[in-house]
>>> print(open('final-v5.pdb').read())   # PDB, C-alpha atoms
ATOM      1  CA  MET A  27     -20.753  26.116  20.001  1.00  0.00           C
ATOM      2  CA  SER A  28     -21.022  25.012  23.607  1.00  0.00           C
ATOM      3  CA  ARG A  29     -23.045  21.992  24.695  1.00  0.00           C
ATOM      4  CA  ARG A  30     -24.015  20.223  27.906  1.00  0.00           C
ATOM      5  CA  ALA A  31     -24.481  16.494  28.363  1.00  0.00           C
ATOM      6  CA  GLY A  32     -27.685  15.370  26.700  1.00  0.00           C
ATOM      7  CA  GLU A  33     -27.743  18.224  24.207  1.00  0.00           C
ATOM      8  CA  THR A  34     -27.644  17.726  20.472  1.00  0.00           C
ATOM      9  CA  ILE A  35     -25.953  19.190  17.400  1.00  0.00           C
ATOM     10  CA  LEU A  36     -27.429  18.860  13.933  1.00  0.00           C
ATOM     11  CA  ILE A  37     -25.307  18.761  10.778  1.00  0.00           C
ATOM     12  CA  GLY A  38     -27.577  19.237   7.795  1.00  0.00           C
ATOM     13  CA  ASP A  39     -30.872  17.406   7.888  1.00  0.00           C
ATOM     14  CA  GLU A  40     -29.622  13.888   8.407  1.00  0.00           C
ATOM     15  CA  ILE A  41     -26.745  13.930  10.890  1.00  0.00           C
ATOM     16  CA  GLU A  42     -27.325  14.273  14.597  1.00  0.00           C
ATOM     17  CA  ILE A  43     -24.655  14.331  17.297  1.00  0.00           C
ATOM     18  CA  VAL A  44     -25.665  13.852  20.939  1.00  0.00           C
ATOM     19  CA  ILE A  45     -23.272  14.568  23.782  1.00  0.00           C
ATOM     20  CA  THR A  46     -24.114  11.578  25.980  1.00  0.00           C
ATOM     21  CA  HIS A  47     -21.480  11.806  28.700  1.00  0.00           C
ATOM     22  CA  ILE A  48     -18.770  14.255  29.709  1.00  0.00           C
ATOM     23  CA  GLY A  49     -15.933  12.726  31.677  1.00  0.00           C
ATOM     24  CA  ARG A  50     -12.746  14.263  32.994  1.00  0.00           C
ATOM     25  CA  SER A  51     -10.742  13.756  29.805  1.00  0.00           C
ATOM     26  CA  ARG A  52     -13.201  12.072  27.468  1.00  0.00           C
ATOM     27  CA  VAL A  53     -16.511  12.920  25.918  1.00  0.00           C
ATOM     28  CA  LYS A  54     -18.927  10.256  24.763  1.00  0.00           C
ATOM     29  CA  VAL A  55     -20.987  11.171  21.733  1.00  0.00           C
ATOM     30  CA  GLY A  56     -23.808   9.401  19.983  1.00  0.00           C
ATOM     31  CA  ILE A  57     -24.021   9.891  16.230  1.00  0.00           C
ATOM     32  CA  ARG A  58     -27.068   9.302  14.089  1.00  0.00           C
ATOM     33  CA  ALA A  59     -26.276   9.366  10.384  1.00  0.00           C
ATOM     34  CA  PRO A  60     -27.520   7.770   7.154  1.00  0.00           C
ATOM     35  CA  ARG A  61     -26.367   4.198   6.708  1.00  0.00           C
ATOM     36  CA  GLU A  62     -24.127   5.112   3.759  1.00  0.00           C
ATOM     37  CA  THR A  63     -22.220   7.719   5.789  1.00  0.00           C
ATOM     38  CA  LEU A  64     -18.996   6.330   7.239  1.00  0.00           C
ATOM     39  CA  VAL A  65     -18.682   7.285  10.906  1.00  0.00           C
ATOM     40  CA  ILE A  66     -15.217   6.544  12.315  1.00  0.00           C
ATOM     41  CA  ALA A  67     -12.585   8.256  14.434  1.00  0.00           C
ATOM     42  CA  ARG A  68     -10.170  10.358  12.384  1.00  0.00           C
ATOM     43  CA  GLU A  69      -7.157   8.204  13.284  1.00  0.00           C
ATOM     44  CA  VAL A  70      -9.005   5.055  12.229  1.00  0.00           C
ATOM     45  CA  LYS A  71      -9.719   6.672   8.850  1.00  0.00           C
ATOM     46  CA  LEU A  72      -6.006   7.484   8.466  1.00  0.00           C
ATOM     47  CA  VAL A  73      -5.011   3.921   9.349  1.00  0.00           C
ATOM     48  CA  ARG A  74      -7.686   2.607   6.988  1.00  0.00           C
ATOM     49  CA  ASP A  75      -6.271   4.621   4.071  1.00  0.00           C
ATOM     50  CA  GLU A  76      -2.753   3.536   5.010  1.00  0.00           C
ATOM     51  CA  ASN A  77      -3.809  -0.142   5.090  1.00  0.00           C
ATOM     52  CA  LEU A  78      -5.430   0.179   1.673  1.00  0.00           C
ATOM     53  CA  ALA A  79      -2.181   1.643   0.343  1.00  0.00           C
ATOM     54  CA  ALA A  80      -0.058  -1.020   2.035  1.00  0.00           C
ATOM     55  CA  ALA A  81      -2.070  -4.085   1.011  1.00  0.00           C
ATOM     56  CA  VAL A  82      -0.039  -5.984  -1.526  1.00  0.00           C
ATOM     57  CA  THR A  83      -1.943  -7.472  -4.384  1.00  0.00           C
ATOM     58  CA  THR A  84       0.998  -8.405  -6.586  1.00  0.00           C
ATOM     59  CA  PRO A  85       4.667  -8.711  -5.634  1.00  0.00           C
ATOM     60  CA  PRO A  86       6.037  -5.200  -6.137  1.00  0.00           C
ATOM     61  CA  ALA A  87       9.426  -4.790  -7.754  1.00  0.00           C
ATOM     62  CA  ALA A  88      10.402  -2.547  -4.873  1.00  0.00           C
ATOM     63  CA  LEU A  89      10.238  -5.537  -2.553  1.00  0.00           C
ATOM     64  CA  SER A  90      13.512  -7.068  -3.643  1.00  0.00           C
ATOM     65  CA  SER A  91      15.411  -3.838  -3.017  1.00  0.00           C
ATOM     66  CA  LEU A  92      13.787  -3.557   0.403  1.00  0.00           C
ATOM     67  CA  ILE A  93      14.881  -7.092   1.229  1.00  0.00           C
ATOM     68  CA  ALA A  94      18.385  -6.407  -0.047  1.00  0.00           C
ATOM     69  CA  ARG A  95      18.537  -3.387   2.225  1.00  0.00           C
ATOM     70  CA  LEU A  96      17.322  -5.235   5.283  1.00  0.00           C
ATOM     71  CA  GLN A  97      19.290  -8.425   5.046  1.00  0.00           C
ATOM     72  CA  PRO A  98      22.849  -7.179   5.647  1.00  0.00           C
ATOM     73  CA  ALA A  99      21.536  -5.603   8.848  1.00  0.00           C
ATOM     74  CA  GLN A 100      20.690  -8.994  10.302  1.00  0.00           C
ATOM     75  CA  GLU A 101      22.905 -10.362  12.988  1.00  0.00           C
ATOM     76  CA  PRO A 102      23.015 -14.096  13.404  1.00  0.00           C
ATOM     77  CA  GLY A 103      22.178 -15.308  16.889  1.00  0.00           C
ATOM     78  CA  GLY A 104      20.459 -12.050  17.813  1.00  0.00           C
ATOM     79  CA  ASP A 105      17.083 -11.616  19.380  1.00  0.00           C
ATOM     80  CA  SER A 106      15.365 -12.044  16.053  1.00  0.00           C
ATOM     81  CA  LYS A 107      14.474 -15.638  16.850  1.00  0.00           C
ATOM     82  CA  ARG A 108      12.344 -14.583  19.758  1.00  0.00           C
ATOM     83  CA  LEU A 109      10.498 -12.169  17.518  1.00  0.00           C
ATOM     84  CA  GLN A 110       9.614 -14.810  15.017  1.00  0.00           C
ATOM     85  CA  PRO A 111       5.899 -15.009  14.621  1.00  0.00           C
ATOM     86  CA  PRO A 112       3.758 -18.068  14.945  1.00  0.00           C
ATOM     87  CA  GLY A 113       4.074 -20.051  11.792  1.00  0.00           C
ATOM     88  CA  SER A 114       7.560 -18.801  11.089  1.00  0.00           C
ATOM     89  CA  SER A 115       9.106 -22.161  11.725  1.00  0.00           C
ATOM     90  CA  LEU A 116       7.115 -23.610   8.877  1.00  0.00           C
ATOM     91  CA  GLN A 117       9.039 -24.705   5.879  1.00  0.00           C
ATOM     92  CA  ASN A 118       7.235 -22.535   3.423  1.00  0.00           C
ATOM     93  CA  GLN A 119       7.749 -23.182  -0.202  1.00  0.00           C
ATOM     94  CA  ARG A 120       7.104 -21.120  -3.232  1.00  0.00           C
ATOM     95  CA  ARG A 121       6.260 -22.794  -6.456  1.00  0.00           C
TER      96      ARG A 121
ATOM     97  CA  MET B  16      -0.961 -29.452   6.496  1.00  0.00           C
ATOM     98  CA  PRO B  17      -3.421 -27.396   4.427  1.00  0.00           C
ATOM     99  CA  ASP B  18      -2.143 -25.286   1.594  1.00  0.00           C
ATOM    100  CA  PHE B  19      -3.471 -22.062   0.170  1.00  0.00           C
ATOM    101  CA  GLU B  20      -2.826 -20.481  -3.211  1.00  0.00           C
ATOM    102  CA  THR B  21      -1.994 -16.783  -2.833  1.00  0.00           C
ATOM    103  CA  SER B  22      -1.503 -13.990  -5.378  1.00  0.00           C
ATOM    104  CA  SER B  23       1.705 -12.597  -3.934  1.00  0.00           C
ATOM    105  CA  LEU B  24       3.455 -15.518  -2.257  1.00  0.00           C
ATOM    106  CA  GLY B  25       2.410 -18.425  -4.425  1.00  0.00           C
ATOM    107  CA  ARG B  26       1.313 -21.592  -2.653  1.00  0.00           C
ATOM    108  CA  ILE B  27       1.748 -21.490   1.116  1.00  0.00           C
ATOM    109  CA  PHE B  28       1.446 -24.222   3.698  1.00  0.00           C
ATOM    110  CA  TYR B  29       0.278 -23.480   7.211  1.00  0.00           C
ATOM    111  CA  GLU B  30      -0.794 -25.163  10.419  1.00  0.00           C
ATOM    112  CA  PRO B  31      -4.480 -24.241  11.014  1.00  0.00           C
ATOM    113  CA  GLU B  32      -3.851 -23.879  14.751  1.00  0.00           C
ATOM    114  CA  TRP B  33      -1.245 -21.211  13.984  1.00  0.00           C
ATOM    115  CA  ALA B  34      -3.659 -19.000  12.099  1.00  0.00           C
ATOM    116  CA  ILE B  35      -3.914 -15.522  13.608  1.00  0.00           C
ATOM    117  CA  GLU B  36      -7.425 -14.276  14.282  1.00  0.00           C
ATOM    118  CA  PHE B  37      -8.434 -10.603  14.099  1.00  0.00           C
ATOM    119  CA  PRO B  38     -11.862 -10.608  15.814  1.00  0.00           C
ATOM    120  CA  SER B  39     -12.740  -7.181  14.349  1.00  0.00           C
ATOM    121  CA  GLY B  40     -10.636  -7.338  11.185  1.00  0.00           C
ATOM    122  CA  LEU B  41      -8.338  -4.433  10.295  1.00  0.00           C
ATOM    123  CA  PRO B  42      -9.368  -0.859   9.404  1.00  0.00           C
ATOM    124  CA  GLY B  43     -10.322  -1.048   5.736  1.00  0.00           C
ATOM    125  CA  PHE B  44     -10.561  -4.851   5.886  1.00  0.00           C
ATOM    126  CA  GLU B  45     -13.170  -5.322   8.602  1.00  0.00           C
ATOM    127  CA  ASP B  46     -14.398  -8.621   7.152  1.00  0.00           C
ATOM    128  CA  ARG B  47     -10.971 -10.290   7.000  1.00  0.00           C
ATOM    129  CA  HIS B  48     -10.345 -12.212  10.203  1.00  0.00           C
ATOM    130  CA  ARG B  49      -7.856 -15.044   9.599  1.00  0.00           C
ATOM    131  CA  PHE B  50      -4.251 -14.475   8.612  1.00  0.00           C
ATOM    132  CA  ALA B  51      -1.023 -16.444   8.507  1.00  0.00           C
ATOM    133  CA  ALA B  52       2.276 -14.814   9.509  1.00  0.00           C
ATOM    134  CA  ILE B  53       4.909 -16.102   7.123  1.00  0.00           C
ATOM    135  CA  LYS B  54       8.640 -15.584   7.118  1.00  0.00           C
ATOM    136  CA  PHE B  55      10.888 -16.753   4.288  1.00  0.00           C
ATOM    137  CA  GLU B  56      14.567 -17.253   4.855  1.00  0.00           C
ATOM    138  CA  GLU B  57      15.410 -15.287   1.724  1.00  0.00           C
ATOM    139  CA  SER B  58      13.323 -12.261   2.719  1.00  0.00           C
ATOM    140  CA  ALA B  59      13.987 -12.155   6.459  1.00  0.00           C
ATOM    141  CA  PRO B  60      13.320 -10.163   8.620  1.00  0.00           C
ATOM    142  CA  LEU B  61      10.159  -9.361   6.645  1.00  0.00           C
ATOM    143  CA  VAL B  62       7.009 -11.059   7.888  1.00  0.00           C
ATOM    144  CA  PHE B  63       4.175 -11.463   5.397  1.00  0.00           C
ATOM    145  CA  LEU B  64       0.694 -11.264   6.836  1.00  0.00           C
ATOM    146  CA  GLN B  65      -1.347 -13.238   4.338  1.00  0.00           C
ATOM    147  CA  SER B  66      -5.138 -13.357   4.531  1.00  0.00           C
ATOM    148  CA  LEU B  67      -6.420 -16.935   4.604  1.00  0.00           C
ATOM    149  CA  GLU B  68      -9.771 -15.717   3.285  1.00  0.00           C
ATOM    150  CA  ASP B  69      -8.596 -13.547   0.393  1.00  0.00           C
ATOM    151  CA  PRO B  70      -5.719 -14.881  -1.747  1.00  0.00           C
ATOM    152  CA  ALA B  71      -5.023 -11.344  -3.014  1.00  0.00           C
ATOM    153  CA  LEU B  72      -4.664  -9.708   0.409  1.00  0.00           C
ATOM    154  CA  CYS B  73      -1.191  -9.654   1.907  1.00  0.00           C
ATOM    155  CA  PHE B  74       0.620  -7.129   4.107  1.00  0.00           C
ATOM    156  CA  ILE B  75       4.362  -6.740   4.315  1.00  0.00           C
ATOM    157  CA  THR B  76       5.382  -6.223   7.933  1.00  0.00           C
ATOM    158  CA  LEU B  77       8.466  -6.014  10.138  1.00  0.00           C
ATOM    159  CA  PRO B  78       8.901  -6.748  13.835  1.00  0.00           C
ATOM    160  CA  ILE B  79       8.400  -3.265  15.272  1.00  0.00           C
ATOM    161  CA  LEU B  80      11.510  -3.444  17.458  1.00  0.00           C
ATOM    162  CA  ALA B  81      13.567  -3.983  14.301  1.00  0.00           C
ATOM    163  CA  VAL B  82      12.423  -0.536  13.132  1.00  0.00           C
ATOM    164  CA  ASP B  83      12.464   1.176  16.540  1.00  0.00           C
ATOM    165  CA  PRO B  84      14.186  -0.765  19.351  1.00  0.00           C
ATOM    166  CA  GLN B  85      12.764   1.761  21.865  1.00  0.00           C
ATOM    167  CA  TYR B  86       9.185   1.455  20.625  1.00  0.00           C
ATOM    168  CA  ARG B  87       6.630   1.957  23.395  1.00  0.00           C
ATOM    169  CA  LEU B  88       3.518  -0.054  22.808  1.00  0.00           C
ATOM    170  CA  GLU B  89       0.206   1.432  23.936  1.00  0.00           C
ATOM    171  CA  VAL B  90      -2.866  -0.727  23.565  1.00  0.00           C
ATOM    172  CA  GLY B  91      -6.276   0.727  24.436  1.00  0.00           C
ATOM    173  CA  GLY B  92      -8.804  -0.948  26.708  1.00  0.00           C
ATOM    174  CA  GLU B  93     -11.066  -2.181  23.938  1.00  0.00           C
ATOM    175  CA  ASP B  94      -8.148  -3.710  22.042  1.00  0.00           C
ATOM    176  CA  LEU B  95      -6.872  -5.439  25.203  1.00  0.00           C
ATOM    177  CA  GLU B  96     -10.316  -6.987  25.470  1.00  0.00           C
ATOM    178  CA  TYR B  97     -10.177  -8.267  21.872  1.00  0.00           C
ATOM    179  CA  LEU B  98      -6.749  -9.727  22.625  1.00  0.00           C
ATOM    180  CA  GLY B  99      -8.005 -11.419  25.787  1.00  0.00           C
ATOM    181  CA  LEU B 100      -5.445  -9.531  27.879  1.00  0.00           C
ATOM    182  CA  PRO B 101      -6.034  -8.006  31.317  1.00  0.00           C
ATOM    183  CA  ALA B 102      -7.065  -4.344  31.405  1.00  0.00           C
ATOM    184  CA  GLY B 103      -4.765  -1.748  32.905  1.00  0.00           C
ATOM    185  CA  LYS B 104      -1.524  -3.510  32.049  1.00  0.00           C
ATOM    186  CA  GLN B 105       0.441  -2.965  28.847  1.00  0.00           C
ATOM    187  CA  PRO B 106       1.608  -6.189  27.180  1.00  0.00           C
ATOM    188  CA  ARG B 107       5.349  -6.746  26.717  1.00  0.00           C
ATOM    189  CA  ILE B 108       6.599  -7.131  23.166  1.00  0.00           C
ATOM    190  CA  GLY B 109       8.149 -10.551  22.654  1.00  0.00           C
ATOM    191  CA  GLU B 110       6.861 -11.874  26.004  1.00  0.00           C
ATOM    192  CA  ASP B 111       3.094 -11.440  25.788  1.00  0.00           C
ATOM    193  CA  VAL B 112       2.611 -10.216  22.242  1.00  0.00           C
ATOM    194  CA  LEU B 113       4.125 -10.159  18.816  1.00  0.00           C
ATOM    195  CA  CYS B 114       4.190  -6.598  17.511  1.00  0.00           C
ATOM    196  CA  LEU B 115       4.471  -5.907  13.774  1.00  0.00           C
ATOM    197  CA  THR B 116       4.544  -2.683  11.801  1.00  0.00           C
ATOM    198  CA  VAL B 117       2.843  -2.590   8.397  1.00  0.00           C
ATOM    199  CA  ILE B 118       5.151  -1.520   5.569  1.00  0.00           C
ATOM    200  CA  ALA B 119       3.888   0.463   2.597  1.00  0.00           C
ATOM    201  CA  ILE B 120       6.019   0.510  -0.543  1.00  0.00           C
ATOM    202  CA  ARG B 121       5.785   3.989  -1.980  1.00  0.00           C
ATOM    203  CA  GLU B 122       7.490   5.563  -4.961  1.00  0.00           C
ATOM    204  CA  SER B 123       9.559   7.610  -2.531  1.00  0.00           C
ATOM    205  CA  GLY B 124      10.600   4.467  -0.657  1.00  0.00           C
ATOM    206  CA  PRO B 125       9.202   2.178   2.028  1.00  0.00           C
ATOM    207  CA  THR B 126       7.444   3.555   5.101  1.00  0.00           C
ATOM    208  CA  ALA B 127       6.405   1.860   8.331  1.00  0.00           C
ATOM    209  CA  ASN B 128       3.112   2.503  10.137  1.00  0.00           C
ATOM    210  CA  LEU B 129       4.247   3.018  13.735  1.00  0.00           C
ATOM    211  CA  LEU B 130       0.974   4.696  14.729  1.00  0.00           C
ATOM    212  CA  ALA B 131      -1.085   1.525  14.414  1.00  0.00           C
ATOM    213  CA  PRO B 132       0.953  -1.631  15.020  1.00  0.00           C
ATOM    214  CA  ILE B 133      -0.386  -5.147  14.589  1.00  0.00           C
ATOM    215  CA  VAL B 134      -0.472  -6.775  18.027  1.00  0.00           C
ATOM    216  CA  VAL B 135      -0.818 -10.554  18.372  1.00  0.00           C
ATOM    217  CA  ASN B 136      -1.383 -12.263  21.713  1.00  0.00           C
ATOM    218  CA  LEU B 137       1.210 -15.052  21.669  1.00  0.00           C
ATOM    219  CA  ARG B 138      -0.925 -17.246  23.938  1.00  0.00           C
ATOM    220  CA  ASN B 139      -4.182 -17.340  21.985  1.00  0.00           C
ATOM    221  CA  LEU B 140      -3.156 -15.822  18.590  1.00  0.00           C
ATOM    222  CA  LYS B 141      -5.888 -13.190  18.787  1.00  0.00           C
ATOM    223  CA  ALA B 142      -4.816  -9.990  17.060  1.00  0.00           C
ATOM    224  CA  VAL B 143      -5.749  -6.337  16.587  1.00  0.00           C
ATOM    225  CA  GLN B 144      -4.348  -3.364  14.760  1.00  0.00           C
ATOM    226  CA  ALA B 145      -3.952  -1.089  17.751  1.00  0.00           C
ATOM    227  CA  VAL B 146      -4.750   2.517  16.826  1.00  0.00           C
ATOM    228  CA  ALA B 147      -3.484   4.852  19.516  1.00  0.00           C
ATOM    229  CA  PRO B 148      -5.329   8.199  19.246  1.00  0.00           C
ATOM    230  CA  GLU B 149      -2.825  10.135  21.354  1.00  0.00           C
ATOM    231  CA  SER B 150       0.317   8.497  20.035  1.00  0.00           C
ATOM    232  CA  GLN B 151       3.158  10.653  18.711  1.00  0.00           C
ATOM    233  CA  TYR B 152       4.279   7.878  16.365  1.00  0.00           C
ATOM    234  CA  SER B 153       4.176   8.368  12.622  1.00  0.00           C
ATOM    235  CA  LEU B 154       1.724   6.738  10.272  1.00  0.00           C
ATOM    236  CA  GLN B 155       4.396   6.860   7.572  1.00  0.00           C
ATOM    237  CA  HIS B 156       7.771   6.465   9.251  1.00  0.00           C
ATOM    238  CA  VAL B 157      10.377   6.647   6.484  1.00  0.00           C
ATOM    239  CA  LEU B 158      12.759   3.698   6.436  1.00  0.00           C
ATOM    240  CA  LEU B 159      15.941   5.486   5.461  1.00  0.00           C
ATOM    241  CA  PRO B 160      18.939   3.452   4.307  1.00  0.00           C
ATOM    242  CA  GLU B 161      20.943   4.515   7.367  1.00  0.00           C
ATOM    243  CA  GLU B 162      18.067   3.373   9.536  1.00  0.00           C
ATOM    244  CA  ALA B 163      18.071  -0.124   8.137  1.00  0.00           C
ATOM    245  CA  PRO B 164      16.514  -2.239  10.858  1.00  0.00           C
ATOM    246  CA  VAL B 165      18.921  -4.147  13.036  1.00  0.00           C
ATOM    247  CA  CYS B 166      17.641  -7.170  14.881  1.00  0.00           C
ATOM    248  CA  SER B 167      19.562  -6.917  18.096  1.00  0.00           C
TER     249      SER B 167
END
>>> encode(input="final-v5.pdb", output="structure tokens")
Amino acid sequence: MSRRAGETILIGDEIEIVITHIGRSRVKVGIRAPRETLVIAREVKLVRDENLAAAVTTPPAALSSLIARLQPAQEPGGDSKRLQPPGSSLQNQRR
Amino acid sequence: MPDFETSSLGRIFYEPEWAIEFPSGLPGFEDRHRFAAIKFEESAPLVFLQSLEDPALCFITLPILAVDPQYRLEVGGEDLEYLGLPAGKQPRIGEDVLCLTVIAIRESGPTANLLAPIVVNLRNLKAVQAVAPESQYSLQHVLLPEEAPVCS
């Protein structure tokens, strides 16, 4: 299917895709779809699924082995200090 | 200093002015905007990104350079705007921004999301998860034992 700027594609009865602008390396499209239809870029969907898989709800048992694996790799006095995030200097406590 | 009871980390204490703000949330968690980055001595170099709005939401992350010291950060124009950074210039990791990779613990072992790093502007603590559409980086980079991150 070949389209010019301003032309439209229909998917089923409820989804409409308008080619609004054609640039040198990018195309802008307008999408009209039912409210319940998720419209996102493919890579955002992949990252979304990955985030849902990565979100920790309870401390996984695998965490301690990950920590054990990472810790010997640390070098004291390295650049790691500079990479410390805001809040890292807090004396956090677990109870 | 306010404290916050979390599901994964127990009770945490944080300085409100050090809270990280995601103006547009994260993909999948669009309505979660405030997080605290927490590092424990006993679990370093892991950085926990704990939601300050949802006690049950916490991400395990690593400084991205600890996973890939050659990592090339690419932040799109819209994300630079969210971060309050000038357009047309890529921020430097460690100088302008903190860059974290989200770790997923899978049955096959931990993986790091190098495709969409968390980028935090160190000057105003605004943050985004920067999704690079043309990036060659992996969404599920396997952290092999021989690739144990080295902070150097």
>>> atom_distance(input="final-v5.pdb", atom1="atom CA of B:Gly40", atom2="atom CA of B:Ser66")
10.5 Å
>>> residues_around(input="final-v5.pdb", residues="B:Pro132", least_positions_apart="4", cutoff="10 Å", atoms="all atoms listed in the file", output="ChimeraX atom specification")
/A:73 /B:76-79,88-90,113-117,127-128,143-147,154
>>> residues_near_point(input="final-v5.pdb", point="(-25.9, 19.5, 29.5)", cutoff="10 Å", atoms="all atoms listed in the file", output="list in words")
Ser28, Arg29, Arg30, Ala31, Gly32, Glu33, Thr34, Ile45, Thr46, His47 and Ile48 of chain A
>>> write_last_selection(input="final-v5.pdb", atoms="C-alpha atoms", output="mmCIF file, in the frame of the given file")
data_model
loop_
_atom_site.group_PDB
_atom_site.id
_atom_site.type_symbol
_atom_site.label_atom_id
_atom_site.label_comp_id
_atom_site.auth_asym_id
_atom_site.auth_seq_id
_atom_site.Cartn_x
_atom_site.Cartn_y
_atom_site.Cartn_z
ATOM 1 C CA SER A 28 -21.022 25.012 23.607
ATOM 2 C CA ARG A 29 -23.045 21.992 24.695
ATOM 3 C CA ARG A 30 -24.015 20.223 27.906
ATOM 4 C CA ALA A 31 -24.481 16.494 28.363
ATOM 5 C CA GLY A 32 -27.685 15.370 26.700
ATOM 6 C CA GLU A 33 -27.743 18.224 24.207
ATOM 7 C CA THR A 34 -27.644 17.726 20.472
ATOM 8 C CA ILE A 45 -23.272 14.568 23.782
ATOM 9 C CA THR A 46 -24.114 11.578 25.980
ATOM 10 C CA HIS A 47 -21.480 11.806 28.700
ATOM 11 C CA ILE A 48 -18.770 14.255 29.709
#
>>> interface_residues(input="final-v5.pdb", of="chain B", to="chain A", cutoff="8 Å", atoms="all atoms listed in the file", output="PyMOL selection string")
chain B and resi 22-30+33-34+41-43+51-55+58-62+71-75+78+109+113+117-120+125+128+131+137+146-148+154+160+163-167
>>> resolve_selection(input="final-v5.pdb", expression="the PyMOL selection byres ((chain A and resi 56) around 9)", output="ChimeraX atom specification")
/A:42-46,54-55,57-58
>>> axis_aligned_box(input="final-v5.pdb", around="stretch 35-43 of chain A", padding_each_side="5 Å", output="lines of an AutoDock Vina configuration file")
center_x = -27.8
center_y = 16.6
center_z = 12.6
size_x = 16.2
size_y = 15.3
size_z = 19.6
>>> atom_distance(input="final-v5.pdb", atom1="atom CA of B:Pro101", atom2="atom CA of B:Ala142")
14.4 Å
>>> residues_around(input="final-v5.pdb", residues="A:Ala59", least_positions_apart="6", cutoff="8 Å", atoms="all atoms listed in the file", output="ChimeraX atom specification")
/A:40-42,65
>>> atom_distance(input="final-v5.pdb", atom1="atom CA of B:Arg49", atom2="atom CA of B:Ser153")
26.5 Å
>>> resolve_selection(input="final-v5.pdb", expression="the PyMOL selection byres ((chain B and resi 47) around 9)", output="PDB file with C-alpha atoms, in the frame of the given file")
ATOM      1  CA  PHE B  37      -8.434 -10.603  14.099  1.00  0.00           C
ATOM      2  CA  PRO B  38     -11.862 -10.608  15.814  1.00  0.00           C
ATOM      3  CA  SER B  39     -12.740  -7.181  14.349  1.00  0.00           C
ATOM      4  CA  GLY B  40     -10.636  -7.338  11.185  1.00  0.00           C
ATOM      5  CA  LEU B  41      -8.338  -4.433  10.295  1.00  0.00           C
ATOM      6  CA  PHE B  44     -10.561  -4.851   5.886  1.00  0.00           C
ATOM      7  CA  GLU B  45     -13.170  -5.322   8.602  1.00  0.00           C
ATOM      8  CA  ASP B  46     -14.398  -8.621   7.152  1.00  0.00           C
ATOM      9  CA  HIS B  48     -10.345 -12.212  10.203  1.00  0.00           C
ATOM     10  CA  ARG B  49      -7.856 -15.044   9.599  1.00  0.00           C
ATOM     11  CA  PHE B  50      -4.251 -14.475   8.612  1.00  0.00           C
ATOM     12  CA  SER B  66      -5.138 -13.357   4.531  1.00  0.00           C
ATOM     13  CA  LEU B  67      -6.420 -16.935   4.604  1.00  0.00           C
ATOM     14  CA  GLU B  68      -9.771 -15.717   3.285  1.00  0.00           C
ATOM     15  CA  ASP B  69      -8.596 -13.547   0.393  1.00  0.00           C
TER      16      ASP B  69
END
